Amino acid sequence: MTGFALDSYFRPADRLQDARLEIALTNTGSEELSSFTLAYTSLARARPGARLENAAAITRVANFHEVTPPDGLSLRPGETWSFAIQGLTNAARHRLDGPKSAYLTASGTVRDVLCNDLEAPGILDTGERKSVPPGQVDLPLYIVPWPQTVAVDSCRPDARAFLVETASAQDKAAANKINGLARRLFPEAPAPFRFSGTHGLVPLTFQQENTLPADGYQLTFSPDGAALASGGTTGRDYGLTVLAQIAYGAHSDPDTYRFPAQGVIEDQPRFSWRGTHLDVSRHFRGPNDIIRLLDILAWARMNVFQWHLTDDEGWRLEIKAYPELTISGARRGPGCRQVAQLGFASSVYQGAYSQDMVREIVAHAASFNIDVLPEIDVPGHSTALLKTYPHFADQAETPDSYQSVQGYPNNALNPAMEETYTFLETVFAEVADLFPCAYVHIGGDEVDAHSWLASPKARRLMEERGLQDTMELQAYFMGRVRDILKGLGKKLAGWDEVSHGGGIDPEGVLLMAWQKPEVTRDLVDQGYEVICTPGQHYYLDMAQASGWQEPGASWAGVSMPQAAYDYEPSTGLSNAGKGALKGVQACIWCEHLIDNRLFNHMVFPRLYAVAEAGWTEPRHKDWQRFAALSALFPEL
Ligand code: ACM
């Protein structure tokens, strides 16, 4: 049982150096506490040189803080120690921005502390909450994303499922696969396809139609049954998924949704890339959760899963040549090389995927036409790697000579060391072997502008090559990484900063435009392949309303469900640019998403909004319809 409670209060100020975090630690146990330190993790961070009130000392690594109380302080049962930190690196805007998890160390023993949400003065503690209106459907069909053309005149209230009897073995197998998907997502509902019987069944026939694109399909409904024509197996699977949705809607909400009796649905996706990114470094999600998320992507007809496998907070992919990466590098907390961050501070937090697990996950994704794009985030965001193998840093570099935006000191792999490229060559060779995707995502984001400037090796390289600054060093690194990937038969994908410092030859390079909506246009103009994923609209860890009680971050702003739905990814592009845009992506960052209830609150319904932006032409979108359908969207 947790014997300690932590309350916290944010006191804003015009200047961050005056903003305060006030903390009250209460002993709710039955024994006196003395000679202790308090550790807590908080996204509202103490700035260097912060002023302490009623505390003796503070140290910090990124979000991890350790506070020493005034000399001789002890807490009897029921007593509270209050202290304050004046001077923060960033303002708090929501209730989860303060201490998330904490522990005490006393006599060498770690004791858990239960954290209450951050509170703020009344003026902040108001505001809107996430809200989705009841919405309205014009047609009684549950389909998401909405198809390009739906012309359905009448419905059949008597139907229960589709009958797949006169079909090839391959088409029956595909229907059975979609049955499996529907049964995993909705075990409470009947399966959409049966292979024998008559009662309440709508006969379904299949047809290959070469005039349709490989991912296009056409459904024709008549009193005799339904016919699915498709350009290829992907289009057939999408058509079957739409039929499964129709059946699920009719079962779950028969007053609103029905099976069509007469009509046509003609459909193909707007963009070839309809992605979802998931950060498993900040918080690990086990293979079952990944499989379920893939099932959700299949339901939403999304076709790329970007797996953010490494970051400062943990390396999650087994690399046979560097086994310590998923031992020491996947672990943080008391007694580990990496201190606690984010949630679960008092115990060792760990998790990693074996290569066998990865193969199973990749195969599952492929069976639903989803490509898995692996991300190994370098050269920045590499604390887990550098803590595991400190010899990859220039030993003569000044410690703490730069900090990332998340507060990690010296967290970028050094572009001036050959060891860096030998390491990456080995890692990428294993990655290339595991993931059939044509691209490997190498990160490239958020390298601090002072990185490597205190590394003698980097300085020498800058002199030799006439490189002016950190970003030009980074561009040199990117060129080398791109060559490594080329040698492995892979193309480079990265975040938009890959284009900085002069960038690299855009031929075959795919970049994710995340920092601002305008970056999509800028990168298209520079000739890169571009995925639109602006933090302001498609980062699903941004709060869904401005209110303090709403969980989530807001450094990129608040992304309300309707605003996320209404965002048009080609905004600002010329006609040629519109044609060049490859697609859209939702990004699920997990600093705040420390359990699945929070995940669901944050991710839905916006994930489906991005799916619809990727699939449905803007003129066929309808917020009220989407809002109504959202009641039946499956979640994790
Ligand atoms: C990012 O959000 N750092 C890509």
# chains A, B, ... in the order shown; residues from 1 in each chain; ligands from 1
$ select_by_dssp --residues "segment 295-438 of chain A" --states "strand (DSSP E or B)" --output "number ranges by chain"
A: 304-308, 310-311, 314-315, 317, 331-332, 349-350, 353, 371-378, 403, 409
$ residues_around --residues "segment 195-199 of chain A" --least-positions-apart "6" --cutoff "8 Å" --atoms "only C-alpha atoms" --output "list in words"
Leu163, Val164, Glu165 and Lys172 of chain A
$ closest_atom_pairs --of "chain A" --to "ligand 1" --cutoff "9 Å" --atoms "only C-alpha atoms and all ligand atoms" --output "CSV"
residue,atom,partner,partner_atom_place_in_ligand_line,distance
A:His381,CA,ligand 1,3 (N),8.9
A:Gly443,CA,ligand 1,4 (C),7.3
A:Gly444,CA,ligand 1,4 (C),8.2
A:Asp445,CA,ligand 1,3 (N),5.3
A:Glu446,CA,ligand 1,3 (N),5.8
A:Gly494,CA,ligand 1,4 (C),8.7
A:Trp495,CA,ligand 1,4 (C),5.7
A:Asp496,CA,ligand 1,4 (C),7.9
A:Glu497,CA,ligand 1,4 (C),8.7
A:Met512,CA,ligand 1,4 (C),8.0
A:Ala513,CA,ligand 1,4 (C),8.5
A:Trp514,CA,ligand 1,4 (C),6.2
A:Gln515,CA,ligand 1,2 (O),7.2
A:Gly535,CA,ligand 1,2 (O),7.1
A:Tyr539,CA,ligand 1,2 (O),8.1
A:Cys587,CA,ligand 1,2 (O),8.2
A:Trp589,CA,ligand 1,2 (O),7.9
$ residues_around --residues "segment 312-322 of chain A" --least-positions-apart "5" --cutoff "7 Å" --atoms "only C-alpha atoms" --output "list of chain:residue names"
A:Ser281, A:Arg282, A:Gly329, A:Ala330, A:Arg331, A:Gly351, A:Ala352, A:Tyr353, A:Ser354, A:Gln355, A:His381, A:Ser382, A:Thr383, A:Ala384, A:Leu385, A:Val427, A:Glu430
$ write_last_selection --atoms "C-alpha atoms" --output "short mmCIF file (atom, residue, chain, number, x, y, z; two decimals), in the first residue's frame"
data_model
loop_
_atom_site.label_atom_id
_atom_site.label_comp_id
_atom_site.auth_asym_id
_atom_site.auth_seq_id
_atom_site.Cartn_x
_atom_site.Cartn_y
_atom_site.Cartn_z
CA SER A 281 9.74 4.27 -26.10
CA ARG A 282 8.16 6.70 -23.65
CA GLY A 329 18.69 0.32 -22.80
CA ALA A 330 15.07 -0.74 -22.37
CA ARG A 331 14.97 -0.11 -18.65
CA GLY A 351 9.83 -3.58 -22.19
CA ALA A 352 11.17 -4.65 -25.56
CA TYR A 353 10.18 -6.65 -28.62
CA SER A 354 12.12 -9.77 -29.57
CA GLN A 355 12.82 -10.24 -33.25
CA HIS A 381 16.89 11.19 -28.98
CA SER A 382 19.68 8.68 -28.27
CA THR A 383 20.04 8.77 -24.48
CA ALA A 384 19.02 5.11 -24.05
CA LEU A 385 21.67 4.07 -26.57
CA VAL A 427 21.58 -2.11 -36.62
CA GLU A 430 19.09 -6.31 -38.82
#
$ residues_around --residues "Ser401 of chain A" --least-positions-apart "6" --cutoff "9 Å" --atoms "only C-alpha atoms" --output "list in words"
Pro409, Asn410, His450, Ser451, Trp452, Leu453, Ala454 and Ser455 of chain A
$ write_last_selection --atoms "N, CA and C atoms" --output "CSV table (one decimal), in the first residue's frame"
chain,number,residue,atom,x,y,z
A,409,PRO,N,20.7,15.9,-21.5
A,409,PRO,CA,22.0,16.4,-21.9
A,409,PRO,C,22.7,15.5,-22.9
A,410,ASN,N,23.4,16.1,-23.8
A,410,ASN,CA,24.3,15.4,-24.8
A,410,ASN,C,23.7,14.1,-25.3
A,450,HIS,N,23.1,23.3,-30.5
A,450,HIS,CA,24.4,23.3,-30.0
A,450,HIS,C,25.1,22.0,-29.9
A,451,SER,N,24.4,21.0,-30.4
A,451,SER,CA,24.9,19.6,-30.3
A,451,SER,C,26.3,19.5,-31.0
A,452,TRP,N,27.2,18.8,-30.3
A,452,TRP,CA,28.5,18.4,-30.8
A,452,TRP,C,29.5,19.6,-30.9
A,453,LEU,N,29.1,20.8,-30.6
A,453,LEU,CA,30.0,21.9,-30.7
A,453,LEU,C,31.2,21.8,-29.7
A,454,ALA,N,30.9,21.1,-28.6
A,454,ALA,CA,32.0,20.9,-27.6
A,454,ALA,C,32.7,19.5,-27.7
A,455,SER,N,32.5,18.9,-28.9
A,455,SER,CA,33.2,17.6,-29.2
A,455,SER,C,34.4,17.9,-30.1
$ residues_around --residues "Leu485 of chain A" --least-positions-apart "5" --cutoff "12 Å" --atoms "only C-alpha atoms" --output "PyMOL selection string"
chain A and resi 421+424-433+438-442+478-480+490-493+508-509
$ atom_distance --atom1 "atom CA of Phe305 of chain A" --atom2 "atom CA of Thr276 of chain A"
5.1 Å
$ residues_around --residues "segment 625-634 of chain A" --least-positions-apart "2" --cutoff "7 Å" --atoms "only C-alpha atoms" --output "JSON, numbers by chain"
{"A": [132, 133, 134, 135, 136, 137, 142, 185, 296, 605, 622, 623]}
$ write_last_selection --atoms "N, CA and C atoms" --output "PDB file, in the first residue's frame"
ATOM      1  N   VAL A 132     -17.754  15.601 -28.579  1.00  0.00           N
ATOM      2  CA  VAL A 132     -18.137  15.213 -29.935  1.00  0.00           C
ATOM      3  C   VAL A 132     -19.658  15.251 -29.953  1.00  0.00           C
ATOM      4  N   PRO A 133     -20.271  15.994 -30.880  1.00  0.00           N
ATOM      5  CA  PRO A 133     -21.743  16.091 -30.886  1.00  0.00           C
ATOM      6  C   PRO A 133     -22.378  14.751 -31.277  1.00  0.00           C
ATOM      7  N   PRO A 134     -23.701  14.589 -31.026  1.00  0.00           N
ATOM      8  CA  PRO A 134     -24.347  13.317 -31.403  1.00  0.00           C
ATOM      9  C   PRO A 134     -24.270  13.062 -32.902  1.00  0.00           C
ATOM     10  N   GLY A 135     -24.241  14.144 -33.695  1.00  0.00           N
ATOM     11  CA  GLY A 135     -24.100  13.980 -35.142  1.00  0.00           C
ATOM     12  C   GLY A 135     -25.361  13.468 -35.793  1.00  0.00           C
ATOM     13  N   GLN A 136     -25.251  13.203 -37.082  1.00  0.00           N
ATOM     14  CA  GLN A 136     -26.442  12.815 -37.847  1.00  0.00           C
ATOM     15  C   GLN A 136     -26.014  12.098 -39.117  1.00  0.00           C
ATOM     16  N   VAL A 137     -26.707  10.987 -39.432  1.00  0.00           N
ATOM     17  CA  VAL A 137     -26.399  10.288 -40.683  1.00  0.00           C
ATOM     18  C   VAL A 137     -27.554  10.485 -41.667  1.00  0.00           C
ATOM     19  N   TYR A 142     -23.162   2.142 -41.577  1.00  0.00           N
ATOM     20  CA  TYR A 142     -21.983   2.370 -40.735  1.00  0.00           C
ATOM     21  C   TYR A 142     -20.757   2.006 -41.566  1.00  0.00           C
ATOM     22  N   LEU A 185     -12.246  -7.516 -32.813  1.00  0.00           N
ATOM     23  CA  LEU A 185     -12.638  -6.165 -32.425  1.00  0.00           C
ATOM     24  C   LEU A 185     -13.973  -6.149 -31.678  1.00  0.00           C
ATOM     25  N   ILE A 296      -7.240  -2.166 -35.524  1.00  0.00           N
ATOM     26  CA  ILE A 296      -7.970  -0.898 -35.643  1.00  0.00           C
ATOM     27  C   ILE A 296      -7.589  -0.190 -36.943  1.00  0.00           C
ATOM     28  N   PRO A 605     -11.921  10.136 -31.127  1.00  0.00           N
ATOM     29  CA  PRO A 605     -12.078   9.584 -32.472  1.00  0.00           C
ATOM     30  C   PRO A 605     -11.057  10.127 -33.481  1.00  0.00           C
ATOM     31  N   ASP A 622     -17.982  14.691 -44.075  1.00  0.00           N
ATOM     32  CA  ASP A 622     -19.138  15.290 -43.406  1.00  0.00           C
ATOM     33  C   ASP A 622     -18.955  15.090 -41.894  1.00  0.00           C
ATOM     34  N   TRP A 623     -18.671  16.180 -41.195  1.00  0.00           N
ATOM     35  CA  TRP A 623     -18.380  16.096 -39.764  1.00  0.00           C
ATOM     36  C   TRP A 623     -19.544  15.508 -38.972  1.00  0.00           C
TER      37      TRP A 623
END
$ closest_residue --among "A:Met462, A:Ile588, A:Ile594, A:Ala182" --to "Trp307 of chain A" --atoms "only C-alpha atoms"
A:Ile588
$ residues_around --residues "Leu636 of chain A" --least-positions-apart "6" --cutoff "10 Å" --atoms "only C-alpha atoms" --output "PDB file with N, CA, C and O atoms, in the first residue's frame"
ATOM      1  N   LEU A 185     -12.246  -7.516 -32.813  1.00  0.00           N
ATOM      2  CA  LEU A 185     -12.638  -6.165 -32.425  1.00  0.00           C
ATOM      3  C   LEU A 185     -13.973  -6.149 -31.678  1.00  0.00           C
ATOM      4  O   LEU A 185     -14.179  -5.342 -30.783  1.00  0.00           O
ATOM      5  N   ASN A 288       0.297  -7.677 -27.717  1.00  0.00           N
ATOM      6  CA  ASN A 288      -1.167  -7.782 -27.884  1.00  0.00           C
ATOM      7  C   ASN A 288      -1.790  -6.430 -28.204  1.00  0.00           C
ATOM      8  O   ASN A 288      -2.715  -6.330 -29.019  1.00  0.00           O
ATOM      9  N   ASP A 289      -1.271  -5.396 -27.550  1.00  0.00           N
ATOM     10  CA  ASP A 289      -1.780  -4.048 -27.846  1.00  0.00           C
ATOM     11  C   ASP A 289      -1.406  -3.628 -29.267  1.00  0.00           C
ATOM     12  O   ASP A 289      -2.190  -2.952 -29.947  1.00  0.00           O
ATOM     13  N   ILE A 290      -0.208  -4.017 -29.699  1.00  0.00           N
ATOM     14  CA  ILE A 290       0.205  -3.629 -31.059  1.00  0.00           C
ATOM     15  C   ILE A 290      -0.697  -4.335 -32.086  1.00  0.00           C
ATOM     16  O   ILE A 290      -1.154  -3.722 -33.054  1.00  0.00           O
ATOM     17  N   ILE A 291      -0.965  -5.612 -31.833  1.00  0.00           N
ATOM     18  CA  ILE A 291      -1.843  -6.355 -32.755  1.00  0.00           C
ATOM     19  C   ILE A 291      -3.234  -5.700 -32.777  1.00  0.00           C
ATOM     20  O   ILE A 291      -3.841  -5.522 -33.830  1.00  0.00           O
ATOM     21  N   ARG A 292      -3.710  -5.313 -31.606  1.00  0.00           N
ATOM     22  CA  ARG A 292      -5.051  -4.685 -31.578  1.00  0.00           C
ATOM     23  C   ARG A 292      -5.024  -3.342 -32.312  1.00  0.00           C
ATOM     24  O   ARG A 292      -5.968  -3.022 -33.047  1.00  0.00           O
ATOM     25  N   LEU A 293      -3.951  -2.583 -32.128  1.00  0.00           N
ATOM     26  CA  LEU A 293      -3.883  -1.309 -32.860  1.00  0.00           C
ATOM     27  C   LEU A 293      -3.853  -1.580 -34.368  1.00  0.00           C
ATOM     28  O   LEU A 293      -4.521  -0.877 -35.141  1.00  0.00           O
ATOM     29  N   LEU A 294      -3.130  -2.601 -34.786  1.00  0.00           N
ATOM     30  CA  LEU A 294      -3.108  -2.940 -36.219  1.00  0.00           C
ATOM     31  C   LEU A 294      -4.506  -3.325 -36.691  1.00  0.00           C
ATOM     32  O   LEU A 294      -4.915  -2.972 -37.806  1.00  0.00           O
ATOM     33  N   ASP A 295      -5.241  -4.051 -35.863  1.00  0.00           N
ATOM     34  CA  ASP A 295      -6.625  -4.396 -36.221  1.00  0.00           C
ATOM     35  C   ASP A 295      -7.465  -3.127 -36.403  1.00  0.00           C
ATOM     36  O   ASP A 295      -8.303  -3.046 -37.321  1.00  0.00           O
ATOM     37  N   ILE A 296      -7.240  -2.166 -35.524  1.00  0.00           N
ATOM     38  CA  ILE A 296      -7.970  -0.898 -35.643  1.00  0.00           C
ATOM     39  C   ILE A 296      -7.589  -0.190 -36.943  1.00  0.00           C
ATOM     40  O   ILE A 296      -8.454   0.350 -37.650  1.00  0.00           O
ATOM     41  N   ASN A 596      -4.106   2.400 -21.129  1.00  0.00           N
ATOM     42  CA  ASN A 596      -4.965   2.315 -22.308  1.00  0.00           C
ATOM     43  C   ASN A 596      -6.233   3.165 -22.200  1.00  0.00           C
ATOM     44  O   ASN A 596      -6.797   3.557 -23.219  1.00  0.00           O
ATOM     45  N   ARG A 597      -6.673   3.480 -20.987  1.00  0.00           N
ATOM     46  CA  ARG A 597      -7.847   4.372 -20.888  1.00  0.00           C
ATOM     47  C   ARG A 597      -7.458   5.780 -21.328  1.00  0.00           C
ATOM     48  O   ARG A 597      -8.197   6.444 -22.057  1.00  0.00           O
ATOM     49  N   PHE A 599      -5.022   6.371 -23.361  1.00  0.00           N
ATOM     50  CA  PHE A 599      -4.770   6.197 -24.802  1.00  0.00           C
ATOM     51  C   PHE A 599      -6.083   6.378 -25.569  1.00  0.00           C
ATOM     52  O   PHE A 599      -6.165   7.155 -26.525  1.00  0.00           O
ATOM     53  N   ASN A 600      -7.116   5.688 -25.121  1.00  0.00           N
ATOM     54  CA  ASN A 600      -8.391   5.762 -25.842  1.00  0.00           C
ATOM     55  C   ASN A 600      -8.985   7.167 -25.792  1.00  0.00           C
ATOM     56  O   ASN A 600      -9.514   7.668 -26.794  1.00  0.00           O
ATOM     57  N   VAL A 603      -6.705   9.238 -28.264  1.00  0.00           N
ATOM     58  CA  VAL A 603      -6.512   8.835 -29.672  1.00  0.00           C
ATOM     59  C   VAL A 603      -7.827   8.862 -30.460  1.00  0.00           C
ATOM     60  O   VAL A 603      -7.820   9.157 -31.663  1.00  0.00           O
ATOM     61  N   PHE A 604      -8.930   8.626 -29.780  1.00  0.00           N
ATOM     62  CA  PHE A 604     -10.202   8.506 -30.499  1.00  0.00           C
ATOM     63  C   PHE A 604     -11.119   9.668 -30.191  1.00  0.00           C
ATOM     64  O   PHE A 604     -11.096  10.176 -29.077  1.00  0.00           O
TER      65      PHE A 604
END
$ select_by_dssp --residues "segment 463-499 of chain A" --states "helix (DSSP H, G or I)" --output "JSON, numbers by chain"
{"A": [463, 464, 465, 470, 471, 472, 473, 474, 475, 476, 477, 478, 479, 480, 481, 482, 483, 484, 485, 486, 487, 496, 497, 498, 499]}
$ write_last_selection --atoms "N, CA and C atoms" --output "tab-separated table (two decimals), in the first residue's frame"
chain	number	residue	atom	x	y	z
A	463	GLU	N	35.96	21.42	-39.52
A	463	GLU	CA	37.07	22.11	-40.17
A	463	GLU	C	37.43	21.43	-41.49
A	464	GLU	N	37.60	20.11	-41.43
A	464	GLU	CA	37.98	19.35	-42.63
A	464	GLU	C	37.00	19.57	-43.78
A	465	ARG	N	35.70	19.60	-43.45
A	465	ARG	CA	34.68	19.62	-44.50
A	465	ARG	C	34.05	21.00	-44.69
A	470	THR	N	25.89	22.94	-36.34
A	470	THR	CA	25.32	21.64	-35.99
A	470	THR	C	24.45	21.08	-37.12
A	471	MET	N	23.66	21.92	-37.74
A	471	MET	CA	22.74	21.42	-38.77
A	471	MET	C	23.51	20.94	-40.01
A	472	GLU	N	24.62	21.58	-40.30
A	472	GLU	CA	25.43	21.09	-41.44
A	472	GLU	C	26.12	19.77	-41.08
A	473	LEU	N	26.51	19.65	-39.82
A	473	LEU	CA	27.03	18.34	-39.35
A	473	LEU	C	25.94	17.27	-39.49
A	474	GLN	N	24.72	17.66	-39.11
A	474	GLN	CA	23.61	16.70	-39.20
A	474	GLN	C	23.37	16.29	-40.65
A	475	ALA	N	23.44	17.25	-41.57
A	475	ALA	CA	23.22	16.91	-42.98
A	475	ALA	C	24.30	15.94	-43.48
A	476	TYR	N	25.53	16.14	-43.01
A	476	TYR	CA	26.62	15.20	-43.36
A	476	TYR	C	26.26	13.79	-42.86
A	477	PHE	N	25.80	13.73	-41.60
A	477	PHE	CA	25.38	12.46	-41.00
A	477	PHE	C	24.27	11.81	-41.84
A	478	MET	N	23.29	12.62	-42.26
A	478	MET	CA	22.16	12.09	-43.02
A	478	MET	C	22.63	11.48	-44.35
A	479	GLY	N	23.57	12.16	-44.99
A	479	GLY	CA	24.10	11.64	-46.25
A	479	GLY	C	24.74	10.27	-46.04
A	480	ARG	N	25.50	10.13	-44.96
A	480	ARG	CA	26.15	8.84	-44.68
A	480	ARG	C	25.10	7.77	-44.37
A	481	VAL	N	24.09	8.14	-43.61
A	481	VAL	CA	23.05	7.17	-43.24
A	481	VAL	C	22.26	6.74	-44.48
A	482	ARG	N	22.00	7.71	-45.32
A	482	ARG	CA	21.27	7.39	-46.54
A	482	ARG	C	22.07	6.39	-47.38
A	483	ASP	N	23.41	6.56	-47.44
A	483	ASP	CA	24.23	5.62	-48.20
A	483	ASP	C	24.20	4.21	-47.58
A	484	ILE	N	24.21	4.17	-46.26
A	484	ILE	CA	24.13	2.87	-45.57
A	484	ILE	C	22.82	2.18	-45.97
A	485	LEU	N	21.73	2.93	-45.93
A	485	LEU	CA	20.43	2.34	-46.24
A	485	LEU	C	20.37	1.90	-47.71
A	486	LYS	N	20.93	2.73	-48.57
A	486	LYS	CA	20.96	2.38	-49.99
A	486	LYS	C	21.64	1.03	-50.19
A	487	GLY	N	22.75	0.85	-49.50
A	487	GLY	CA	23.50	-0.41	-49.58
A	487	GLY	C	22.67	-1.60	-49.11
A	496	ASP	N	10.96	16.13	-40.56
A	496	ASP	CA	11.25	17.20	-41.52
A	496	ASP	C	12.63	17.83	-41.34
A	497	GLU	N	13.24	17.72	-40.15
A	497	GLU	CA	14.54	18.35	-39.94
A	497	GLU	C	15.65	17.70	-40.78
A	498	VAL	N	15.37	16.55	-41.38
A	498	VAL	CA	16.37	15.95	-42.28
A	498	VAL	C	16.71	16.95	-43.41
A	499	SER	N	15.77	17.85	-43.69
A	499	SER	CA	16.00	18.83	-44.76
A	499	SER	C	16.85	20.01	-44.29
